[in-house]
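What's in input_22.txt: compact mmCIF, C-alpha atoms
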```
# COMPACT_ATOMS: atom_id res chain seq x y z
CA MET D 931 -36.43 -53.56 74.19
CA LYS D 932 -36.86 -55.27 77.54
CA PRO D 933 -36.37 -53.03 80.58
CA GLU D 934 -33.54 -55.19 81.94
CA ASN D 935 -31.62 -54.67 78.70
CA GLN D 936 -32.20 -50.93 78.47
CA VAL D 937 -29.01 -48.88 78.69
CA ALA D 938 -30.42 -45.42 77.97
CA ALA D 939 -33.76 -43.68 78.21
CA ARG D 940 -35.27 -40.22 78.25
CA PRO D 941 -34.68 -38.66 81.69
CA ARG D 942 -37.89 -38.64 83.72
CA LEU D 943 -37.77 -34.86 84.13
CA LEU D 944 -37.21 -34.13 80.44
CA ASN D 945 -40.60 -33.32 78.94
CA GLU D 946 -41.71 -35.42 75.99
CA ARG D 947 -41.65 -32.73 73.33
CA ASN D 948 -39.41 -32.14 70.36
CA MET D 949 -36.69 -29.60 71.06
CA HIS D 950 -36.71 -26.58 68.80
CA TYR D 951 -32.98 -25.87 69.00
CA CYS D 952 -30.91 -25.73 65.83
CA PRO D 953 -29.10 -28.92 64.77
CA GLY D 954 -25.84 -29.23 66.65
CA CYS D 955 -26.86 -26.85 69.45
CA SER D 956 -25.41 -27.67 72.85
CA HIS D 957 -28.50 -26.62 74.82
CA GLY D 958 -30.31 -29.92 74.37
CA VAL D 959 -27.42 -31.94 75.77
CA VAL D 960 -27.07 -29.68 78.80
CA HIS D 961 -30.84 -29.81 79.38
CA ARG D 962 -30.64 -33.58 79.53
CA LEU D 963 -27.77 -33.51 82.01
CA VAL D 964 -29.55 -31.04 84.30
CA ALA D 965 -32.71 -33.18 84.22
CA GLU D 966 -30.75 -36.35 84.97
CA VAL D 967 -28.84 -34.85 87.88
CA ILE D 968 -31.91 -33.35 89.55
CA ASP D 969 -33.76 -36.66 89.26
CA GLU D 970 -30.81 -38.71 90.51
CA MET D 971 -30.47 -36.39 93.53
CA GLY D 972 -34.17 -36.84 94.32
CA LEU D 973 -34.82 -33.10 94.10
CA ALA D 974 -37.53 -33.01 91.44
CA ASP D 975 -40.05 -31.45 93.83
CA ASP D 976 -37.51 -29.20 95.53
CA THR D 977 -35.88 -27.44 92.59
CA ILE D 978 -36.46 -23.93 91.26
CA GLY D 979 -34.79 -22.89 88.03
CA VAL D 980 -34.42 -19.29 86.89
CA ALA D 981 -34.38 -18.67 83.14
CA PRO D 982 -33.68 -15.25 81.62
CA VAL D 983 -33.63 -14.38 77.90
CA GLY D 984 -32.17 -15.67 74.66
CA CYS D 985 -32.11 -19.33 73.68
CA ALA D 986 -31.50 -20.27 77.33
CA VAL D 987 -34.94 -19.07 78.36
CA PHE D 988 -36.62 -22.08 76.76
CA ALA D 989 -35.21 -24.43 79.38
CA TYR D 990 -38.56 -24.11 81.13
CA ASN D 991 -40.23 -25.87 78.19
CA TYR D 992 -38.15 -29.00 78.57
CA ILE D 993 -37.10 -29.59 82.19
CA ASP D 994 -40.06 -30.47 84.42
CA VAL D 995 -39.29 -28.48 87.56
CA ASP D 996 -40.58 -25.16 88.90
CA TRP D 997 -39.29 -22.16 86.95
CA ILE D 998 -39.17 -18.40 87.29
CA GLU D 999 -38.51 -16.22 84.26
CA ALA D 1000 -36.25 -13.26 85.00
CA ALA D 1001 -35.74 -10.01 83.15
CA PRO D 1002 -32.64 -9.83 80.92
CA GLY D 1003 -29.49 -10.29 83.01
CA ARG D 1004 -31.33 -10.45 86.32
CA ALA D 1005 -31.40 -14.21 86.90
CA PRO D 1006 -28.77 -14.21 89.70
CA ALA D 1007 -30.70 -11.48 91.54
CA VAL D 1008 -33.96 -13.43 91.22
CA ALA D 1009 -32.19 -16.62 92.27
CA THR D 1010 -30.76 -14.83 95.31
CA ALA D 1011 -34.22 -13.87 96.56
CA THR D 1012 -35.63 -17.29 95.72
CA LYS D 1013 -32.92 -19.17 97.63
CA ARG D 1014 -33.05 -16.86 100.64
CA LEU D 1015 -36.81 -17.33 100.89
CA ASN D 1016 -36.57 -21.07 100.21
CA PRO D 1017 -33.24 -22.16 101.74
CA SER D 1018 -34.10 -25.87 101.53
CA ARG D 1019 -34.62 -25.74 97.75
CA LEU D 1020 -32.10 -26.27 94.98
CA VAL D 1021 -31.99 -22.97 93.08
CA PHE D 1022 -30.06 -22.54 89.84
CA THR D 1023 -29.89 -20.16 86.90
CA TYR D 1024 -29.50 -21.22 83.28
CA GLN D 1025 -27.95 -18.41 81.23
CA GLY D 1026 -26.22 -17.64 77.97
CA ASP D 1027 -23.07 -15.56 77.60
CA GLY D 1028 -24.80 -12.40 76.40
CA ASP D 1029 -27.26 -12.48 79.28
CA LEU D 1030 -24.74 -13.40 81.97
CA SER D 1031 -21.62 -11.51 80.98
CA ALA D 1032 -23.09 -8.45 79.25
CA ILE D 1033 -26.61 -7.57 80.33
CA GLY D 1034 -26.18 -9.14 83.76
CA THR D 1035 -22.53 -8.52 84.57
CA ALA D 1036 -23.32 -6.66 87.80
CA GLU D 1037 -25.90 -9.17 89.02
CA THR D 1038 -23.62 -12.09 88.29
CA ILE D 1039 -20.55 -10.63 89.97
CA HIS D 1040 -22.34 -9.35 93.05
CA ALA D 1041 -24.35 -12.54 93.64
CA ALA D 1042 -21.13 -14.55 93.40
CA ASN D 1043 -19.26 -12.09 95.60
CA ARG D 1044 -21.94 -12.45 98.28
CA GLY D 1045 -21.59 -16.20 98.09
CA GLU D 1046 -25.25 -16.87 97.45
CA ASN D 1047 -25.99 -20.59 97.70
CA ILE D 1048 -27.04 -20.95 94.08
CA THR D 1049 -25.65 -22.62 90.98
CA ILE D 1050 -25.11 -20.66 87.78
CA ILE D 1051 -25.09 -22.76 84.60
CA PHE D 1052 -23.46 -20.65 81.92
CA ILE D 1053 -23.68 -21.56 78.22
CA ASN D 1054 -20.82 -19.85 76.38
CA ASN D 1055 -21.11 -20.01 72.60
CA GLY D 1056 -19.33 -16.71 71.98
CA ILE D 1057 -22.27 -14.96 70.31
CA TYR D 1058 -25.81 -13.69 70.75
CA GLY D 1059 -27.58 -16.68 69.23
CA MET D 1060 -31.27 -15.82 69.30
CA THR D 1061 -31.28 -12.15 68.38
CA GLY D 1062 -29.27 -12.18 65.18
CA GLY D 1063 -25.70 -13.24 65.89
CA GLN D 1064 -24.31 -10.05 67.38
CA MET D 1065 -20.96 -9.82 69.17
CA ALA D 1066 -21.03 -10.88 72.82
CA PRO D 1067 -18.43 -10.19 75.52
CA THR D 1068 -17.14 -13.73 74.90
CA THR D 1069 -16.77 -13.32 71.11
CA LEU D 1070 -13.21 -14.21 70.13
CA GLU D 1071 -10.74 -11.77 68.61
CA GLY D 1072 -11.16 -11.74 64.83
CA MET D 1073 -14.50 -13.56 65.00
CA LYS D 1074 -17.06 -12.26 62.53
CA THR D 1075 -20.57 -11.49 63.78
CA SER D 1076 -23.45 -9.36 62.55
CA THR D 1077 -22.05 -6.39 64.49
CA THR D 1078 -18.37 -7.17 63.77
CA PRO D 1079 -18.55 -8.14 60.08
CA TYR D 1080 -14.78 -7.74 59.69
CA GLY D 1081 -13.96 -9.53 62.92
CA ARG D 1082 -13.69 -8.43 66.55
CA ARG D 1083 -10.95 -5.86 67.10
CA PRO D 1084 -9.58 -5.41 70.64
CA ASP D 1085 -8.79 -1.73 69.98
CA LEU D 1086 -12.41 -1.09 69.02
CA ASN D 1087 -14.43 -3.78 70.79
CA GLY D 1088 -12.24 -4.78 73.70
CA PHE D 1089 -10.90 -8.23 74.47
CA PRO D 1090 -12.98 -11.40 74.89
CA MET D 1091 -14.11 -11.65 78.51
CA LYS D 1092 -13.20 -14.69 80.59
CA ILE D 1093 -16.03 -14.08 83.03
CA SER D 1094 -15.57 -17.40 84.84
CA ASN D 1095 -11.97 -16.48 85.65
CA ILE D 1096 -13.25 -13.27 87.21
CA LEU D 1097 -15.85 -15.16 89.24
CA ALA D 1098 -13.24 -17.65 90.44
CA MET D 1099 -11.33 -14.77 92.07
CA LEU D 1100 -14.25 -13.81 94.29
CA GLU D 1101 -14.42 -14.94 97.91
CA GLY D 1102 -18.04 -16.04 97.60
CA THR D 1103 -17.53 -18.70 94.95
CA CYS D 1104 -16.74 -22.23 96.08
CA TYR D 1105 -16.65 -23.99 92.73
CA VAL D 1106 -16.03 -22.59 89.24
CA THR D 1107 -15.46 -24.96 86.35
CA ARG D 1108 -15.41 -24.82 82.56
CA GLN D 1109 -16.59 -27.85 80.62
CA ALA D 1110 -18.06 -28.82 77.22
CA VAL D 1111 -20.45 -31.38 75.72
CA HIS D 1112 -18.99 -32.10 72.29
CA THR D 1113 -17.71 -35.62 73.06
CA PRO D 1114 -18.98 -38.49 75.24
CA ALA D 1115 -16.11 -37.94 77.68
CA SER D 1116 -16.84 -34.22 77.96
CA VAL D 1117 -20.53 -34.95 78.53
CA ARG D 1118 -19.66 -37.19 81.48
CA LYS D 1119 -17.39 -34.54 82.96
CA THR D 1120 -20.04 -31.86 82.59
CA LYS D 1121 -22.64 -34.04 84.29
CA ALA D 1122 -20.27 -34.62 87.21
CA ALA D 1123 -19.62 -30.87 87.40
CA ILE D 1124 -23.33 -30.06 87.50
CA ARG D 1125 -23.84 -32.64 90.25
CA LYS D 1126 -21.00 -31.21 92.31
CA ALA D 1127 -22.32 -27.68 91.88
CA PHE D 1128 -25.82 -28.69 92.97
CA GLU D 1129 -24.43 -30.55 95.99
CA ASN D 1130 -22.42 -27.47 96.99
CA SER D 1131 -25.52 -25.30 96.75
CA MET D 1132 -27.54 -27.64 98.94
CA ALA D 1133 -24.69 -27.80 101.45
CA GLY D 1134 -24.55 -24.00 101.74
CA LYS D 1135 -20.97 -23.67 100.51
CA GLY D 1136 -21.52 -20.58 98.36
CA THR D 1137 -21.91 -19.88 94.67
CA SER D 1138 -21.04 -22.53 92.09
CA VAL D 1139 -20.54 -21.75 88.41
CA VAL D 1140 -20.55 -24.32 85.62
CA GLU D 1141 -19.52 -22.78 82.29
CA VAL D 1142 -20.17 -24.93 79.24
CA VAL D 1143 -18.18 -23.94 76.15
CA SER D 1144 -20.70 -24.52 73.38
CA THR D 1145 -21.41 -24.22 69.69
CA CYS D 1146 -23.90 -22.04 67.81
CA SER D 1147 -24.09 -23.53 64.33
CA SER D 1148 -26.61 -20.95 63.09
CA GLY D 1149 -24.86 -17.93 64.58
CA TRP D 1150 -21.48 -19.13 63.39
CA LYS D 1151 -22.97 -20.07 59.99
CA MET D 1152 -21.45 -23.55 60.07
CA THR D 1153 -22.63 -27.12 59.92
CA PRO D 1154 -22.77 -28.92 63.30
CA VAL D 1155 -19.63 -30.91 62.45
CA ALA D 1156 -17.72 -27.80 61.35
CA ALA D 1157 -18.91 -25.92 64.44
CA ASN D 1158 -17.56 -28.61 66.77
CA LYS D 1159 -14.23 -28.57 64.96
CA TRP D 1160 -14.07 -24.76 65.09
CA MET D 1161 -14.88 -24.80 68.78
CA GLU D 1162 -12.08 -27.30 69.47
CA GLU D 1163 -9.57 -25.28 67.45
CA ASN D 1164 -10.55 -21.78 68.59
CA MET D 1165 -12.93 -21.57 71.56
CA ILE D 1166 -11.36 -24.19 73.81
CA PRO D 1167 -7.76 -22.89 73.46
CA TYR D 1168 -8.99 -19.47 74.63
CA TYR D 1169 -11.41 -20.90 77.18
CA PRO D 1170 -9.53 -24.00 78.38
CA LEU D 1171 -11.56 -26.70 80.06
CA GLY D 1172 -11.19 -27.75 83.68
CA ASP D 1173 -11.75 -26.50 87.21
CA LEU D 1174 -10.87 -22.87 87.86
CA LYS D 1175 -11.72 -23.10 91.56
CA ASN D 1176 -12.64 -26.07 93.72
CA GLU D 1177 -12.89 -25.55 97.47
```
Structure translated into structure tokens:
Amino acid sequence: MKPENQVAARPRLLNERNMHYCPGCSHGVVHRLVAEVIDEMGLADDTIGVAPVGCAVFAYNYIDVDWIEAAPGRAPAVATATKRLNPSRLVFTYQGDGDLSAIGTAETIHAANRGENITIIFINNGIYGMTGGQMAPTTLEGMKTSTTPYGRRPDLNGFPMKISNILAMLEGTCYVTRQAVHTPASVRKTKAAIRKAFENSMAGKGTSVVEVVSTCSSGWKMTPVAANKWMEENMIPYYPLGDLKNE
């Protein structure tokens, strides 16, 4: 293909290695969007990502920027220190729902409440994907997992947590949005959301949160096609897409 006819290519900041994620996983799509946005903003040499645990941690294998690996749940705390010491850098975390809304609930809420000038990219697939498919705070009512084999019961396990709605209520957040990457249109919206969040961080407007409602084909024990359909019929009605806060 001649360069003038090329309509798509691997983002410059996406390392040339095969991704290990399960077929149908949303991580690879979000990785591409993050790499594209950083490159388009000209911030390749001025970006620091913070990766914690779970499937999300492997972002450092694929996106060619500087990375710090945080202890479970502590990514927002590490990002806070990183941004305060390097105020001219773009600093973001890349976290799953178990890490962000269970292990790191306190760090997430307090960083956002302080209005730290960071972006939190939050992958919500409603389950602990890497460690065996256990229930997460975001697991839906009635959803079967390895620790709720008969389905999540609110009287026993509590209700699914809409952590982004909580973060949107805090004074320190300037932008909180919930998106997805299961269709071309949703991919475009998510890319625009990531760009806006990064721009807010660089402008010192406070904390931005981009939640991406995602699939986990392996954890849900579904094919990629069935997982997308299940997400549309169950996840998205409970976690509706769109901006929760935009100042």
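Considering the residues D:Asn1055, D:Thr1038, D:Ser1076, D:Asn1130 and counting all atoms listed in the file, Ser1094 of chain D has its shortest atom-to-atom contact with D:Thr1038.
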- Residue nearest Val1008 of chain D - candidates D:Asp1085, D:Glu966, D:Glu1046, D:Glu1163, atoms counted: only C-alpha atoms: D:Glu1046
- Residue list as number ranges by chain for point (-7.5, -12.7, 76.6), cut-off 10 Å, only C-alpha atoms: D: 1068, 1070-1071, 1084, 1088-1092, 1168-1169
Surrounding residues of Gln1064 of chain D excluding itself and chain neighbours under 2 positions, 7 Å, only C-alpha atoms, as a compact mmCIF listing (two decimals) with C-alpha atoms, keeping the file's coordinate frame:
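For reference, selection_4.txt as written:
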```
# COMPACT_ATOMS: atom_id res chain seq x y z
CA ILE D 1057 -22.27 -14.96 70.31
CA TYR D 1058 -25.81 -13.69 70.75
CA GLY D 1062 -29.27 -12.18 65.18
CA ALA D 1066 -21.03 -10.88 72.82
CA THR D 1075 -20.57 -11.49 63.78
CA SER D 1076 -23.45 -9.36 62.55
CA THR D 1077 -22.05 -6.39 64.49
```
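Using only C-alpha atoms, the contacts of Asn1095 of chain D at a cut-off of 9 Å, with sequence neighbours closer than 6 positions omitted, comprise D:Val1106, D:Leu1174, D:Lys1175.
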